[in-house]
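**Student:** Mind having a look at this structure? Questions to follow.
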Amino acid sequence: MPDDYQRIRKRVEVVISQLVDQFAIRKNYAKSQIGLFARIISKVTLFTMLQYINLMNNKPLSQMRYTLSA
């Protein structure tokens, strides 16, 4: 069980790191809390959609550069 927990935790940390880096979540110019939430939700939704596209095309997950490649 501890190995499973560590593997899942590492995966979560990798995804959060990717979101922060690829979508510049630390830099936001939202004027309100609702605006901030809207921006984060849209970025997470985009990330999820790109992973789904990769899954449907049998390409590596969590690697956006493969999403639109031929």
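Quick note on naming: the chains in the structure tokens go A, B, ... in the order shown, residues restart at 1 in each chain, and ligands are numbered from 1 in order of appearance.
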Write out as an mmCIF file with C-alpha atoms, in the first residue's frame the residues lying within 12 Å of segment 13-30 of chain A, counting only C-alpha atoms and excluding same-chain residues fewer than 4 positions away.
**Tutor:**
data_model
loop_
_atom_site.group_PDB
_atom_site.id
_atom_site.type_symbol
_atom_site.label_atom_id
_atom_site.label_comp_id
_atom_site.auth_asym_id
_atom_site.auth_seq_id
_atom_site.Cartn_x
_atom_site.Cartn_y
_atom_site.Cartn_z
ATOM 1 C CA GLN A 6 3.865 7.126 -3.180
ATOM 2 C CA ARG A 7 3.248 6.429 -6.867
ATOM 3 C CA ILE A 8 -0.080 8.269 -6.825
ATOM 4 C CA ARG A 9 1.391 11.171 -4.849
ATOM 5 C CA ILE A 34 -14.134 34.619 -9.247
ATOM 6 C CA GLY A 35 -11.917 35.681 -12.144
ATOM 7 C CA LEU A 36 -9.024 33.708 -10.689
ATOM 8 C CA PHE A 37 -11.199 30.610 -10.302
ATOM 9 C CA ALA A 38 -12.480 30.985 -13.863
ATOM 10 C CA ARG A 39 -8.940 31.174 -15.237
ATOM 11 C CA ILE A 40 -7.753 28.157 -13.264
ATOM 12 C CA ILE A 41 -10.830 26.110 -14.221
ATOM 13 C CA SER A 42 -10.364 26.926 -17.902
ATOM 14 C CA LYS A 43 -6.685 25.938 -17.771
ATOM 15 C CA VAL A 44 -7.383 22.667 -15.958
ATOM 16 C CA THR A 45 -10.184 21.893 -18.432
ATOM 17 C CA LEU A 46 -7.841 22.498 -21.366
ATOM 18 C CA PHE A 47 -5.197 20.251 -19.798
ATOM 19 C CA THR A 48 -7.795 17.497 -19.288
ATOM 20 C CA GLN A 51 -4.858 14.424 -22.164
ATOM 21 C CA LEU A 61 -0.449 11.311 -21.616
ATOM 22 C CA SER A 62 0.618 14.563 -19.975
ATOM 23 C CA GLN A 63 2.816 15.521 -22.910
ATOM 24 C CA MET A 64 1.015 18.234 -24.804
ATOM 25 C CA ARG A 65 3.558 18.407 -27.607
#
**Student:** How would you write, as a PyMOL selection string, the set of residues in chain A that DSSP gives as alpha helix (DSSP H)?
**Tutor:** chain A and resi 2-22+33-56
**Student:** Filtering to N, CA and C atoms, could you give me those residues as a tab-separated table (two decimals), in the first residue's frame?
**Tutor:**
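Listing of again.tsv after writing:
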chain	number	residue	atom	x	y	z
A	2	PRO	N	1.92	1.34	0.78
A	2	PRO	CA	2.72	2.57	0.76
A	2	PRO	C	3.31	2.87	-0.62
A	3	ASP	N	3.68	1.82	-1.38
A	3	ASP	CA	4.21	2.05	-2.72
A	3	ASP	C	3.16	2.66	-3.64
A	4	ASP	N	1.93	2.17	-3.53
A	4	ASP	CA	0.83	2.73	-4.32
A	4	ASP	C	0.61	4.19	-3.96
A	5	TYR	N	0.62	4.47	-2.68
A	5	TYR	CA	0.42	5.85	-2.21
A	5	TYR	C	1.51	6.76	-2.75
A	6	GLN	N	2.75	6.31	-2.69
A	6	GLN	CA	3.87	7.13	-3.18
A	6	GLN	C	3.78	7.34	-4.69
A	7	ARG	N	3.38	6.31	-5.42
A	7	ARG	CA	3.25	6.43	-6.87
A	7	ARG	C	2.15	7.44	-7.24
A	8	ILE	N	1.03	7.35	-6.56
A	8	ILE	CA	-0.08	8.27	-6.82
A	8	ILE	C	0.32	9.69	-6.44
A	9	ARG	N	0.97	9.84	-5.30
A	9	ARG	CA	1.39	11.17	-4.85
A	9	ARG	C	2.36	11.79	-5.84
A	10	LYS	N	3.31	10.99	-6.34
A	10	LYS	CA	4.28	11.50	-7.31
A	10	LYS	C	3.56	11.94	-8.58
A	11	ARG	N	2.58	11.17	-9.03
A	11	ARG	CA	1.82	11.52	-10.24
A	11	ARG	C	1.08	12.84	-10.05
A	12	VAL	N	0.45	13.01	-8.91
A	12	VAL	CA	-0.27	14.25	-8.61
A	12	VAL	C	0.70	15.43	-8.60
A	13	GLU	N	1.86	15.26	-7.98
A	13	GLU	CA	2.85	16.33	-7.95
A	13	GLU	C	3.35	16.69	-9.35
A	14	VAL	N	3.52	15.69	-10.20
A	14	VAL	CA	3.97	15.93	-11.58
A	14	VAL	C	2.91	16.73	-12.34
A	15	VAL	N	1.66	16.34	-12.20
A	15	VAL	CA	0.58	17.04	-12.91
A	15	VAL	C	0.47	18.48	-12.43
A	16	ILE	N	0.54	18.69	-11.13
A	16	ILE	CA	0.47	20.05	-10.61
A	16	ILE	C	1.64	20.88	-11.11
A	17	SER	N	2.82	20.29	-11.13
A	17	SER	CA	4.00	21.00	-11.63
A	17	SER	C	3.83	21.35	-13.11
A	18	GLN	N	3.28	20.43	-13.89
A	18	GLN	CA	3.05	20.71	-15.31
A	18	GLN	C	2.05	21.85	-15.49
A	19	LEU	N	1.00	21.83	-14.71
A	19	LEU	CA	0.01	22.90	-14.81
A	19	LEU	C	0.63	24.25	-14.48
A	20	VAL	N	1.41	24.29	-13.44
A	20	VAL	CA	2.04	25.54	-13.03
A	20	VAL	C	2.99	26.04	-14.12
A	21	ASP	N	3.79	25.14	-14.68
A	21	ASP	CA	4.76	25.55	-15.69
A	21	ASP	C	4.12	25.87	-17.04
A	22	GLN	N	3.29	24.98	-17.54
A	22	GLN	CA	2.76	25.12	-18.89
A	22	GLN	C	1.70	26.20	-19.02
A	33	GLN	N	-11.59	37.17	-7.12
A	33	GLN	CA	-11.44	35.75	-6.80
A	33	GLN	C	-12.20	34.90	-7.82
A	34	ILE	N	-13.36	35.35	-8.24
A	34	ILE	CA	-14.13	34.62	-9.25
A	34	ILE	C	-13.37	34.57	-10.56
A	35	GLY	N	-12.73	35.66	-10.93
A	35	GLY	CA	-11.92	35.68	-12.14
A	35	GLY	C	-10.75	34.71	-12.06
A	36	LEU	N	-10.12	34.65	-10.89
A	36	LEU	CA	-9.02	33.71	-10.69
A	36	LEU	C	-9.51	32.28	-10.83
A	37	PHE	N	-10.64	31.96	-10.19
A	37	PHE	CA	-11.20	30.61	-10.30
A	37	PHE	C	-11.54	30.28	-11.74
A	38	ALA	N	-12.11	31.22	-12.47
A	38	ALA	CA	-12.48	30.99	-13.86
A	38	ALA	C	-11.24	30.68	-14.70
A	39	ARG	N	-10.18	31.41	-14.48
A	39	ARG	CA	-8.94	31.17	-15.24
A	39	ARG	C	-8.35	29.81	-14.92
A	40	ILE	N	-8.32	29.46	-13.65
A	40	ILE	CA	-7.75	28.16	-13.26
A	40	ILE	C	-8.62	27.02	-13.81
A	41	ILE	N	-9.93	27.15	-13.71
A	41	ILE	CA	-10.83	26.11	-14.22
A	41	ILE	C	-10.66	25.95	-15.73
A	42	SER	N	-10.53	27.04	-16.45
A	42	SER	CA	-10.36	26.93	-17.90
A	42	SER	C	-9.04	26.26	-18.25
A	43	LYS	N	-7.99	26.55	-17.50
A	43	LYS	CA	-6.68	25.94	-17.77
A	43	LYS	C	-6.69	24.45	-17.44
A	44	VAL	N	-7.31	24.08	-16.33
A	44	VAL	CA	-7.38	22.67	-15.96
A	44	VAL	C	-8.25	21.91	-16.97
A	45	THR	N	-9.33	22.52	-17.43
A	45	THR	CA	-10.18	21.89	-18.43
A	45	THR	C	-9.42	21.67	-19.73
A	46	LEU	N	-8.65	22.64	-20.16
A	46	LEU	CA	-7.84	22.50	-21.37
A	46	LEU	C	-6.84	21.36	-21.20
A	47	PHE	N	-6.17	21.30	-20.07
A	47	PHE	CA	-5.20	20.25	-19.80
A	47	PHE	C	-5.87	18.88	-19.86
A	48	THR	N	-7.06	18.76	-19.29
A	48	THR	CA	-7.79	17.50	-19.29
A	48	THR	C	-8.19	17.10	-20.70
A	49	MET	N	-8.65	18.07	-21.49
A	49	MET	CA	-9.02	17.79	-22.88
A	49	MET	C	-7.82	17.32	-23.70
A	50	LEU	N	-6.67	17.95	-23.49
A	50	LEU	CA	-5.47	17.54	-24.22
A	50	LEU	C	-5.05	16.13	-23.84
A	51	GLN	N	-5.17	15.79	-22.57
A	51	GLN	CA	-4.86	14.42	-22.16
A	51	GLN	C	-5.83	13.44	-22.80
A	52	TYR	N	-7.08	13.79	-22.88
A	52	TYR	CA	-8.08	12.91	-23.50
A	52	TYR	C	-7.78	12.71	-24.98
A	53	ILE	N	-7.40	13.78	-25.67
A	53	ILE	CA	-7.04	13.66	-27.09
A	53	ILE	C	-5.85	12.73	-27.24
A	54	ASN	N	-4.84	12.88	-26.38
A	54	ASN	CA	-3.69	11.97	-26.43
A	54	ASN	C	-4.11	10.53	-26.18
A	55	LEU	N	-5.00	10.31	-25.23
A	55	LEU	CA	-5.48	8.97	-24.93
A	55	LEU	C	-6.18	8.36	-26.13
A	56	MET	N	-7.03	9.12	-26.79
A	56	MET	CA	-7.76	8.62	-27.95
A	56	MET	C	-6.84	8.33	-29.13
